[in-house]
Amino acid sequence: MYALADCNNFFVSCERLFRPDLNGRPVIVLSNNDGCAIARSNEAKALGIGMGAPLFKIADIVRCNNVAVFSGNMALYGDISRRVQQTLMEFTPAIERYSIDEAFLDLRGMESADFDALAKEISRRCLRNTGIPVSVGIAPTKTLAKIASKLCKRYPKLRGGCYMYRAEDVEKVLRKFPVEDVWGIGRRFSKRLVELGIKTAYDFTTLSPEWVRAQMSIAGVRTWRELRGEACIEFEQGFQAKQSICTSRSFATEIYDFDALAEQVAKFASMTAAKLRRQHSACNQMTVFAWTNRFKEEWTSNRGNSCVTVFETATDSTLEMVKASHAALAEIFARGCGYKKAGAIATSIIPKDGVQANLFGDTDTQRHDRLMRAMDAINGRLGHDSVIVASQGFGDVRNQHQHRSPRYTTEWSDLPTVSL
């Protein structure tokens, strides 16, 4: 058996955690630069606010219905997610983190357990320990577990937990479950399936495996088999190192000055290096890119460019990656252009303990390693960016977050205070 724990309206729930006055009030959380709604409370959904709706298009709905608006607060959301994960590990150490608000639990070997009671207990304890409502679905496959978790959100009487295993119950659910909402189908294939009259998950299971394979490859066959109760999507226990790491942001206003843009790119390279070290990896190459505003016609001839740096020795050093980012930006920067987005991407990633030293290199890798360990230790103890590379500058990333809530759990200055 597998369980899928899915935090309900996670970003909104994190905001409500420290603002109980928002319970029952419509709430939305915005994307980078306060552009679009990326999380909505049930009350906001009932008002017709769609996922990805631009803020300027729903301004009247927000104003007339007293909708609470928040900028994305990823530092807070990431920390609350970690606390939910810690609670889930009280039930089984075999956890696969699928996203910031979802995790699979491997329950194989626990066949004697009362899974319906277990699902409800996991949900109850997450709410007690973290204040975040969590829907827990348990089923014989990961795909069915995701469907079971969605049922919890739809039917409050399930009390946060749903155990779905009997063939007749699974069929009953699949007959009503839209095919476009099935994990693994995807938007492109679901549109085609609906055009062919295949509207529900059950309709999909009635297709022949040969047809599914011909149209959707082996990935589609896995989903087909999972819906029929055959577990064939592997459980990835433990931390899975990323094969590429991208750090990028859109800016609130266009940046025309090279030095100002170089500071931003240096921040992104530094953040990428820190992410590499957290997963004990190093990269052989890094891509730096900078894009102009695609909505402005005057820059149709120059939408931006990218430059790839190949390191002689795979690295996770902030010093090396920031230096390389500055040189790469100098190659692609065009004066007179206003850059709206930039970033750094680490690729050709290998385990740190697999890095081969270069006898003819001029970088003292051991010294860099010691320095990076000291830098990470200080930042971990004293707070994010307590020690930085000077070329990053001392300001924040130039994006807009006018509605951001305090970072209650990760910044000393934002700790909530109580007056007696």
# chains A, B, ... in the order shown; residues from 1 in each chain; ligands from 1
>>> select_by_dssp(residues="segment 190-346 of chain A", states="strand (DSSP E)", output="NGL selection string")
:A and (245-255 or 281-292 or 304-315 or 339-346)
>>> residues_around(residues="Ile345 of chain A", least_positions_apart="2", cutoff="9 Å", atoms="only C-alpha atoms", output="ChimeraX atom specification")
/A:244-248,268-269,272,285-289,343,347
>>> closest_atom_pairs(of="segment 172-279 of chain A", to="segment 30-46 of chain A", cutoff="8 Å", atoms="only C-alpha atoms", output="tab-separated table")
residue	atom	partner	partner_atom	distance
A:Arg249	CA	A:Asn32	CA	7.5
A:Ser250	CA	A:Asn33	CA	7.0
A:Phe251	CA	A:Asn33	CA	7.1
A:Ala252	CA	A:Asn33	CA	6.0
>>> atom_distance(atom1="atom CA of Ala274 of chain A", atom2="atom CA of Ala330 of chain A")
23.0 Å
>>> select_by_dssp(residues="segment 81-318 of chain A", states="alpha helix (DSSP H)", output="count of residues only")
102
>>> closest_residue(among="A:Ala103, A:Ile58, A:Ala290, A:Ile132", to="Tyr77 of chain A", atoms="only C-alpha atoms")
A:Ile132
>>> closest_residue(among="A:Val62, A:Val29, A:Ala75, A:Leu118", to="Met1 of chain A", atoms="only C-alpha atoms")
A:Leu118
>>> residues_around(residues="Asn66 of chain A", least_positions_apart="5", cutoff="10 Å", atoms="only C-alpha atoms", output="PyMOL selection string")
chain A and resi 25-27+60-61
>>> write_last_selection(atoms="C-alpha atoms", output="PDB file, in the first residue's frame")
ATOM      1  CA  ARG A  25     -12.243  34.807   4.371  1.00  0.00           C
ATOM      2  CA  PRO A  26     -11.187  34.489   0.703  1.00  0.00           C
ATOM      3  CA  VAL A  27      -7.385  34.422   0.397  1.00  0.00           C
ATOM      4  CA  ASP A  60     -12.576  44.210  -8.928  1.00  0.00           C
ATOM      5  CA  ILE A  61     -13.337  40.801  -7.383  1.00  0.00           C
TER       6      ILE A  61
END
>>> closest_residue(among="A:Ile378, A:Glu168, A:Val308, A:Thr143", to="Cys232 of chain A", atoms="only C-alpha atoms")
A:Thr143
>>> closest_residue(among="A:Ser391, A:Thr315, A:Ser135, A:Ser325", to="Ala344 of chain A", atoms="only C-alpha atoms")
A:Ser325
>>> residues_around(residues="Asn305 of chain A", least_positions_apart="3", cutoff="10 Å", atoms="only C-alpha atoms", output="PyMOL selection string")
chain A and resi 288-292+302+329+331-334+342
>>> write_last_selection(atoms="C-alpha atoms", output="short mmCIF file (atom, residue, chain, number, x, y, z; two decimals), in the first residue's frame")
data_model
loop_
_atom_site.label_atom_id
_atom_site.label_comp_id
_atom_site.auth_asym_id
_atom_site.auth_seq_id
_atom_site.Cartn_x
_atom_site.Cartn_y
_atom_site.Cartn_z
CA VAL A 288 23.76 32.14 -17.45
CA PHE A 289 20.85 33.75 -19.28
CA ALA A 290 19.27 37.20 -19.42
CA TRP A 291 16.00 38.03 -21.19
CA THR A 292 14.36 41.28 -22.17
CA ASN A 302 16.90 41.02 -29.00
CA LEU A 329 27.00 37.93 -18.50
CA GLU A 331 29.47 37.94 -23.17
CA ILE A 332 25.71 38.30 -23.65
CA PHE A 333 24.90 41.74 -22.26
CA ALA A 334 23.68 44.25 -24.85
CA ALA A 342 17.89 36.45 -15.58
#
>>> residues_around(residues="Tyr408 of chain A", least_positions_apart="2", cutoff="12 Å", atoms="only C-alpha atoms", output="PDB file with all heavy atoms, in the first residue's frame")
ATOM      1  N   CYS A  14      -0.577  28.132   5.045  1.00  0.00           N
ATOM      2  CA  CYS A  14       0.588  28.689   5.755  1.00  0.00           C
ATOM      3  C   CYS A  14       0.318  30.128   6.186  1.00  0.00           C
ATOM      4  O   CYS A  14       0.706  30.536   7.295  1.00  0.00           O
ATOM      5  CB  CYS A  14       1.825  28.642   4.860  1.00  0.00           C
ATOM      6  SG  CYS A  14       2.467  26.981   4.562  1.00  0.00           S
ATOM      7  N   GLU A  15      -0.334  30.907   5.343  1.00  0.00           N
ATOM      8  CA  GLU A  15      -0.651  32.286   5.695  1.00  0.00           C
ATOM      9  C   GLU A  15      -1.667  32.336   6.837  1.00  0.00           C
ATOM     10  O   GLU A  15      -1.569  33.166   7.747  1.00  0.00           O
ATOM     11  CB  GLU A  15      -1.179  33.047   4.474  1.00  0.00           C
ATOM     12  CG  GLU A  15      -0.188  33.163   3.315  1.00  0.00           C
ATOM     13  CD  GLU A  15       1.019  34.023   3.651  1.00  0.00           C
ATOM     14  OE1 GLU A  15       1.017  34.688   4.701  1.00  0.00           O
ATOM     15  OE2 GLU A  15       1.984  34.020   2.850  1.00  0.00           O
ATOM     16  N   LEU A  17      -2.021  30.189   9.117  1.00  0.00           N
ATOM     17  CA  LEU A  17      -1.461  29.605  10.332  1.00  0.00           C
ATOM     18  C   LEU A  17      -1.142  30.683  11.356  1.00  0.00           C
ATOM     19  O   LEU A  17      -1.353  30.502  12.561  1.00  0.00           O
ATOM     20  CB  LEU A  17      -0.201  28.808   9.975  1.00  0.00           C
ATOM     21  CG  LEU A  17       0.484  28.020  11.078  1.00  0.00           C
ATOM     22  CD1 LEU A  17      -0.465  26.992  11.688  1.00  0.00           C
ATOM     23  CD2 LEU A  17       1.714  27.319  10.520  1.00  0.00           C
ATOM     24  N   PHE A  18      -0.642  31.817  10.892  1.00  0.00           N
ATOM     25  CA  PHE A  18      -0.296  32.919  11.797  1.00  0.00           C
ATOM     26  C   PHE A  18      -1.327  34.044  11.764  1.00  0.00           C
ATOM     27  O   PHE A  18      -1.170  35.039  12.457  1.00  0.00           O
ATOM     28  CB  PHE A  18       1.085  33.471  11.416  1.00  0.00           C
ATOM     29  CG  PHE A  18       2.191  32.466  11.597  1.00  0.00           C
ATOM     30  CD1 PHE A  18       2.582  31.654  10.552  1.00  0.00           C
ATOM     31  CD2 PHE A  18       2.810  32.307  12.827  1.00  0.00           C
ATOM     32  CE1 PHE A  18       3.587  30.712  10.719  1.00  0.00           C
ATOM     33  CE2 PHE A  18       3.813  31.375  13.002  1.00  0.00           C
ATOM     34  CZ  PHE A  18       4.206  30.564  11.949  1.00  0.00           C
ATOM     35  N   ARG A  19      -2.371  33.847  10.965  1.00  0.00           N
ATOM     36  CA  ARG A  19      -3.441  34.837  10.876  1.00  0.00           C
ATOM     37  C   ARG A  19      -4.790  34.127  10.949  1.00  0.00           C
ATOM     38  O   ARG A  19      -5.498  34.000   9.943  1.00  0.00           O
ATOM     39  CB  ARG A  19      -3.326  35.608   9.562  1.00  0.00           C
ATOM     40  CG  ARG A  19      -2.155  36.573   9.457  1.00  0.00           C
ATOM     41  CD  ARG A  19      -2.461  37.862  10.171  1.00  0.00           C
ATOM     42  NE  ARG A  19      -3.728  38.447   9.723  1.00  0.00           N
ATOM     43  CZ  ARG A  19      -3.871  39.196   8.620  1.00  0.00           C
ATOM     44  NH1 ARG A  19      -2.820  39.476   7.862  1.00  0.00           N
ATOM     45  NH2 ARG A  19      -5.051  39.692   8.291  1.00  0.00           N
ATOM     46  N   ASN A  73       5.700  33.700  -0.174  1.00  0.00           N
ATOM     47  CA  ASN A  73       6.665  33.750   0.928  1.00  0.00           C
ATOM     48  C   ASN A  73       7.328  32.370   1.026  1.00  0.00           C
ATOM     49  O   ASN A  73       7.022  31.575   1.913  1.00  0.00           O
ATOM     50  CB  ASN A  73       5.945  34.107   2.230  1.00  0.00           C
ATOM     51  CG  ASN A  73       6.892  34.417   3.376  1.00  0.00           C
ATOM     52  OD1 ASN A  73       8.068  34.069   3.335  1.00  0.00           O
ATOM     53  ND2 ASN A  73       6.380  35.048   4.415  1.00  0.00           N
ATOM     54  N   MET A  74       8.232  32.086   0.072  1.00  0.00           N
ATOM     55  CA  MET A  74       8.764  30.738  -0.057  1.00  0.00           C
ATOM     56  C   MET A  74       9.605  30.311   1.146  1.00  0.00           C
ATOM     57  O   MET A  74       9.695  29.122   1.460  1.00  0.00           O
ATOM     58  CB  MET A  74       9.575  30.604  -1.340  1.00  0.00           C
ATOM     59  CG  MET A  74       8.771  30.864  -2.605  1.00  0.00           C
ATOM     60  SD  MET A  74       7.202  29.945  -2.687  1.00  0.00           S
ATOM     61  CE  MET A  74       7.800  28.255  -2.711  1.00  0.00           C
ATOM     62  N   ALA A  75      10.234  31.267   1.831  1.00  0.00           N
ATOM     63  CA  ALA A  75      11.001  30.909   3.024  1.00  0.00           C
ATOM     64  C   ALA A  75      10.079  30.309   4.082  1.00  0.00           C
ATOM     65  O   ALA A  75      10.394  29.293   4.715  1.00  0.00           O
ATOM     66  CB  ALA A  75      11.723  32.136   3.574  1.00  0.00           C
ATOM     67  N   LEU A  76       8.929  30.930   4.277  1.00  0.00           N
ATOM     68  CA  LEU A  76       7.957  30.416   5.246  1.00  0.00           C
ATOM     69  C   LEU A  76       7.378  29.088   4.792  1.00  0.00           C
ATOM     70  O   LEU A  76       7.328  28.123   5.560  1.00  0.00           O
ATOM     71  CB  LEU A  76       6.834  31.436   5.431  1.00  0.00           C
ATOM     72  CG  LEU A  76       5.661  30.997   6.320  1.00  0.00           C
ATOM     73  CD1 LEU A  76       6.120  30.794   7.759  1.00  0.00           C
ATOM     74  CD2 LEU A  76       4.522  32.003   6.256  1.00  0.00           C
ATOM     75  N   TYR A  77       6.972  29.002   3.527  1.00  0.00           N
ATOM     76  CA  TYR A  77       6.335  27.784   3.023  1.00  0.00           C
ATOM     77  C   TYR A  77       7.297  26.596   3.083  1.00  0.00           C
ATOM     78  O   TYR A  77       6.900  25.480   3.434  1.00  0.00           O
ATOM     79  CB  TYR A  77       5.848  27.976   1.587  1.00  0.00           C
ATOM     80  CG  TYR A  77       4.963  29.179   1.375  1.00  0.00           C
ATOM     81  CD1 TYR A  77       4.885  29.797   0.131  1.00  0.00           C
ATOM     82  CD2 TYR A  77       4.216  29.733   2.419  1.00  0.00           C
ATOM     83  CE1 TYR A  77       4.087  30.917  -0.076  1.00  0.00           C
ATOM     84  CE2 TYR A  77       3.410  30.849   2.230  1.00  0.00           C
ATOM     85  CZ  TYR A  77       3.366  31.437   0.973  1.00  0.00           C
ATOM     86  OH  TYR A  77       2.588  32.546   0.765  1.00  0.00           O
ATOM     87  N   GLY A  78       8.566  26.832   2.737  1.00  0.00           N
ATOM     88  CA  GLY A  78       9.545  25.751   2.765  1.00  0.00           C
ATOM     89  C   GLY A  78       9.762  25.218   4.174  1.00  0.00           C
ATOM     90  O   GLY A  78       9.898  24.013   4.381  1.00  0.00           O
ATOM     91  N   ASP A  79       9.799  26.110   5.156  1.00  0.00           N
ATOM     92  CA  ASP A  79      10.015  25.676   6.537  1.00  0.00           C
ATOM     93  C   ASP A  79       8.809  24.915   7.071  1.00  0.00           C
ATOM     94  O   ASP A  79       8.965  23.888   7.741  1.00  0.00           O
ATOM     95  CB  ASP A  79      10.304  26.886   7.421  1.00  0.00           C
ATOM     96  CG  ASP A  79      10.683  26.476   8.837  1.00  0.00           C
ATOM     97  OD1 ASP A  79      11.704  25.776   9.000  1.00  0.00           O
ATOM     98  OD2 ASP A  79       9.944  26.823   9.778  1.00  0.00           O
ATOM     99  N   ILE A  80       7.596  25.378   6.767  1.00  0.00           N
ATOM    100  CA  ILE A  80       6.397  24.664   7.206  1.00  0.00           C
ATOM    101  C   ILE A  80       6.327  23.303   6.529  1.00  0.00           C
ATOM    102  O   ILE A  80       5.943  22.293   7.149  1.00  0.00           O
ATOM    103  CB  ILE A  80       5.133  25.485   6.906  1.00  0.00           C
ATOM    104  CG1 ILE A  80       5.173  26.830   7.654  1.00  0.00           C
ATOM    105  CG2 ILE A  80       3.886  24.705   7.299  1.00  0.00           C
ATOM    106  CD1 ILE A  80       5.266  26.711   9.154  1.00  0.00           C
ATOM    107  N   ARG A 404       3.915  40.676   0.916  1.00  0.00           N
ATOM    108  CA  ARG A 404       4.527  39.520   1.575  1.00  0.00           C
ATOM    109  C   ARG A 404       4.338  39.592   3.089  1.00  0.00           C
ATOM    110  O   ARG A 404       4.548  40.636   3.702  1.00  0.00           O
ATOM    111  CB  ARG A 404       6.019  39.430   1.249  1.00  0.00           C
ATOM    112  CG  ARG A 404       6.644  38.111   1.692  1.00  0.00           C
ATOM    113  CD  ARG A 404       8.093  38.013   1.289  1.00  0.00           C
ATOM    114  NE  ARG A 404       8.921  38.945   2.054  1.00  0.00           N
ATOM    115  CZ  ARG A 404      10.206  39.163   1.805  1.00  0.00           C
ATOM    116  NH1 ARG A 404      10.791  38.541   0.793  1.00  0.00           N
ATOM    117  NH2 ARG A 404      10.899  40.013   2.537  1.00  0.00           N
ATOM    118  N   SER A 405       3.984  38.471   3.659  1.00  0.00           N
ATOM    119  CA  SER A 405       3.827  38.365   5.105  1.00  0.00           C
ATOM    120  C   SER A 405       5.203  38.186   5.748  1.00  0.00           C
ATOM    121  O   SER A 405       6.186  37.877   5.065  1.00  0.00           O
ATOM    122  CB  SER A 405       2.934  37.169   5.449  1.00  0.00           C
ATOM    123  OG  SER A 405       3.474  35.979   4.898  1.00  0.00           O
ATOM    124  N   PRO A 406       5.309  38.366   7.056  1.00  0.00           N
ATOM    125  CA  PRO A 406       6.601  38.145   7.728  1.00  0.00           C
ATOM    126  C   PRO A 406       7.065  36.697   7.581  1.00  0.00           C
ATOM    127  O   PRO A 406       6.251  35.780   7.477  1.00  0.00           O
ATOM    128  CB  PRO A 406       6.299  38.485   9.196  1.00  0.00           C
ATOM    129  CG  PRO A 406       5.105  39.370   9.143  1.00  0.00           C
ATOM    130  CD  PRO A 406       4.293  38.892   7.982  1.00  0.00           C
ATOM    131  N   THR A 410      11.744  31.794  10.014  1.00  0.00           N
ATOM    132  CA  THR A 410      13.108  31.740   9.483  1.00  0.00           C
ATOM    133  C   THR A 410      13.890  33.033   9.665  1.00  0.00           C
ATOM    134  O   THR A 410      15.072  33.082   9.332  1.00  0.00           O
ATOM    135  CB  THR A 410      13.094  31.384   7.983  1.00  0.00           C
ATOM    136  OG1 THR A 410      12.333  32.371   7.275  1.00  0.00           O
ATOM    137  CG2 THR A 410      12.480  30.012   7.753  1.00  0.00           C
ATOM    138  N   GLU A 411      13.269  34.092  10.150  1.00  0.00           N
ATOM    139  CA  GLU A 411      13.954  35.356  10.363  1.00  0.00           C
ATOM    140  C   GLU A 411      13.702  35.823  11.798  1.00  0.00           C
ATOM    141  O   GLU A 411      12.551  35.967  12.217  1.00  0.00           O
ATOM    142  CB  GLU A 411      13.450  36.426   9.382  1.00  0.00           C
ATOM    143  CG  GLU A 411      13.841  36.185   7.940  1.00  0.00           C
ATOM    144  CD  GLU A 411      15.319  36.415   7.688  1.00  0.00           C
ATOM    145  OE1 GLU A 411      15.946  37.153   8.488  1.00  0.00           O
ATOM    146  OE2 GLU A 411      15.842  35.860   6.710  1.00  0.00           O
ATOM    147  N   TRP A 412      14.793  36.083  12.548  1.00  0.00           N
ATOM    148  CA  TRP A 412      14.634  36.535  13.930  1.00  0.00           C
ATOM    149  C   TRP A 412      13.827  37.826  14.004  1.00  0.00           C
ATOM    150  O   TRP A 412      13.011  38.009  14.908  1.00  0.00           O
ATOM    151  CB  TRP A 412      16.014  36.759  14.571  1.00  0.00           C
ATOM    152  CG  TRP A 412      16.745  35.490  14.889  1.00  0.00           C
ATOM    153  CD1 TRP A 412      17.813  34.982  14.216  1.00  0.00           C
ATOM    154  CD2 TRP A 412      16.458  34.558  15.946  1.00  0.00           C
ATOM    155  NE1 TRP A 412      18.208  33.796  14.788  1.00  0.00           N
ATOM    156  CE2 TRP A 412      17.408  33.517  15.849  1.00  0.00           C
ATOM    157  CE3 TRP A 412      15.498  34.513  16.952  1.00  0.00           C
ATOM    158  CZ2 TRP A 412      17.418  32.440  16.726  1.00  0.00           C
ATOM    159  CZ3 TRP A 412      15.505  33.435  17.838  1.00  0.00           C
ATOM    160  CH2 TRP A 412      16.461  32.417  17.707  1.00  0.00           C
ATOM    161  N   SER A 413      14.049  38.713  13.063  1.00  0.00           N
ATOM    162  CA  SER A 413      13.365  40.001  13.100  1.00  0.00           C
ATOM    163  C   SER A 413      11.872  39.882  12.824  1.00  0.00           C
ATOM    164  O   SER A 413      11.099  40.804  13.105  1.00  0.00           O
ATOM    165  CB  SER A 413      13.982  40.970  12.075  1.00  0.00           C
ATOM    166  OG  SER A 413      13.887  40.421  10.759  1.00  0.00           O
ATOM    167  N   ASP A 414      11.446  38.740  12.264  1.00  0.00           N
ATOM    168  CA  ASP A 414      10.029  38.554  11.925  1.00  0.00           C
ATOM    169  C   ASP A 414       9.280  37.674  12.928  1.00  0.00           C
ATOM    170  O   ASP A 414       8.131  37.301  12.679  1.00  0.00           O
ATOM    171  CB  ASP A 414       9.906  37.925  10.521  1.00  0.00           C
ATOM    172  CG  ASP A 414      10.262  38.920   9.428  1.00  0.00           C
ATOM    173  OD1 ASP A 414      10.405  40.115   9.750  1.00  0.00           O
ATOM    174  OD2 ASP A 414      10.400  38.514   8.264  1.00  0.00           O
ATOM    175  N   LEU A 415       9.927  37.311  14.017  1.00  0.00           N
ATOM    176  CA  LEU A 415       9.252  36.500  15.012  1.00  0.00           C
ATOM    177  C   LEU A 415       7.995  37.212  15.510  1.00  0.00           C
ATOM    178  O   LEU A 415       8.035  38.413  15.811  1.00  0.00           O
ATOM    179  CB  LEU A 415      10.162  36.214  16.202  1.00  0.00           C
ATOM    180  CG  LEU A 415      11.232  35.143  16.031  1.00  0.00           C
ATOM    181  CD1 LEU A 415      12.115  35.076  17.275  1.00  0.00           C
ATOM    182  CD2 LEU A 415      10.601  33.783  15.773  1.00  0.00           C
ATOM    183  N   PRO A 416       6.873  36.508  15.605  1.00  0.00           N
ATOM    184  CA  PRO A 416       5.662  37.164  16.121  1.00  0.00           C
ATOM    185  C   PRO A 416       5.835  37.523  17.601  1.00  0.00           C
ATOM    186  O   PRO A 416       6.507  36.807  18.359  1.00  0.00           O
ATOM    187  CB  PRO A 416       4.572  36.099  15.943  1.00  0.00           C
ATOM    188  CG  PRO A 416       5.296  34.799  15.838  1.00  0.00           C
ATOM    189  CD  PRO A 416       6.623  35.102  15.233  1.00  0.00           C
ATOM    190  N   THR A 417       5.281  38.647  18.000  1.00  0.00           N
ATOM    191  CA  THR A 417       5.374  39.095  19.391  1.00  0.00           C
ATOM    192  C   THR A 417       3.999  39.079  20.027  1.00  0.00           C
ATOM    193  O   THR A 417       2.977  39.250  19.355  1.00  0.00           O
ATOM    194  CB  THR A 417       5.947  40.503  19.462  1.00  0.00           C
ATOM    195  OG1 THR A 417       5.123  41.399  18.692  1.00  0.00           O
ATOM    196  CG2 THR A 417       7.364  40.559  18.907  1.00  0.00           C
TER     197      THR A 417
END
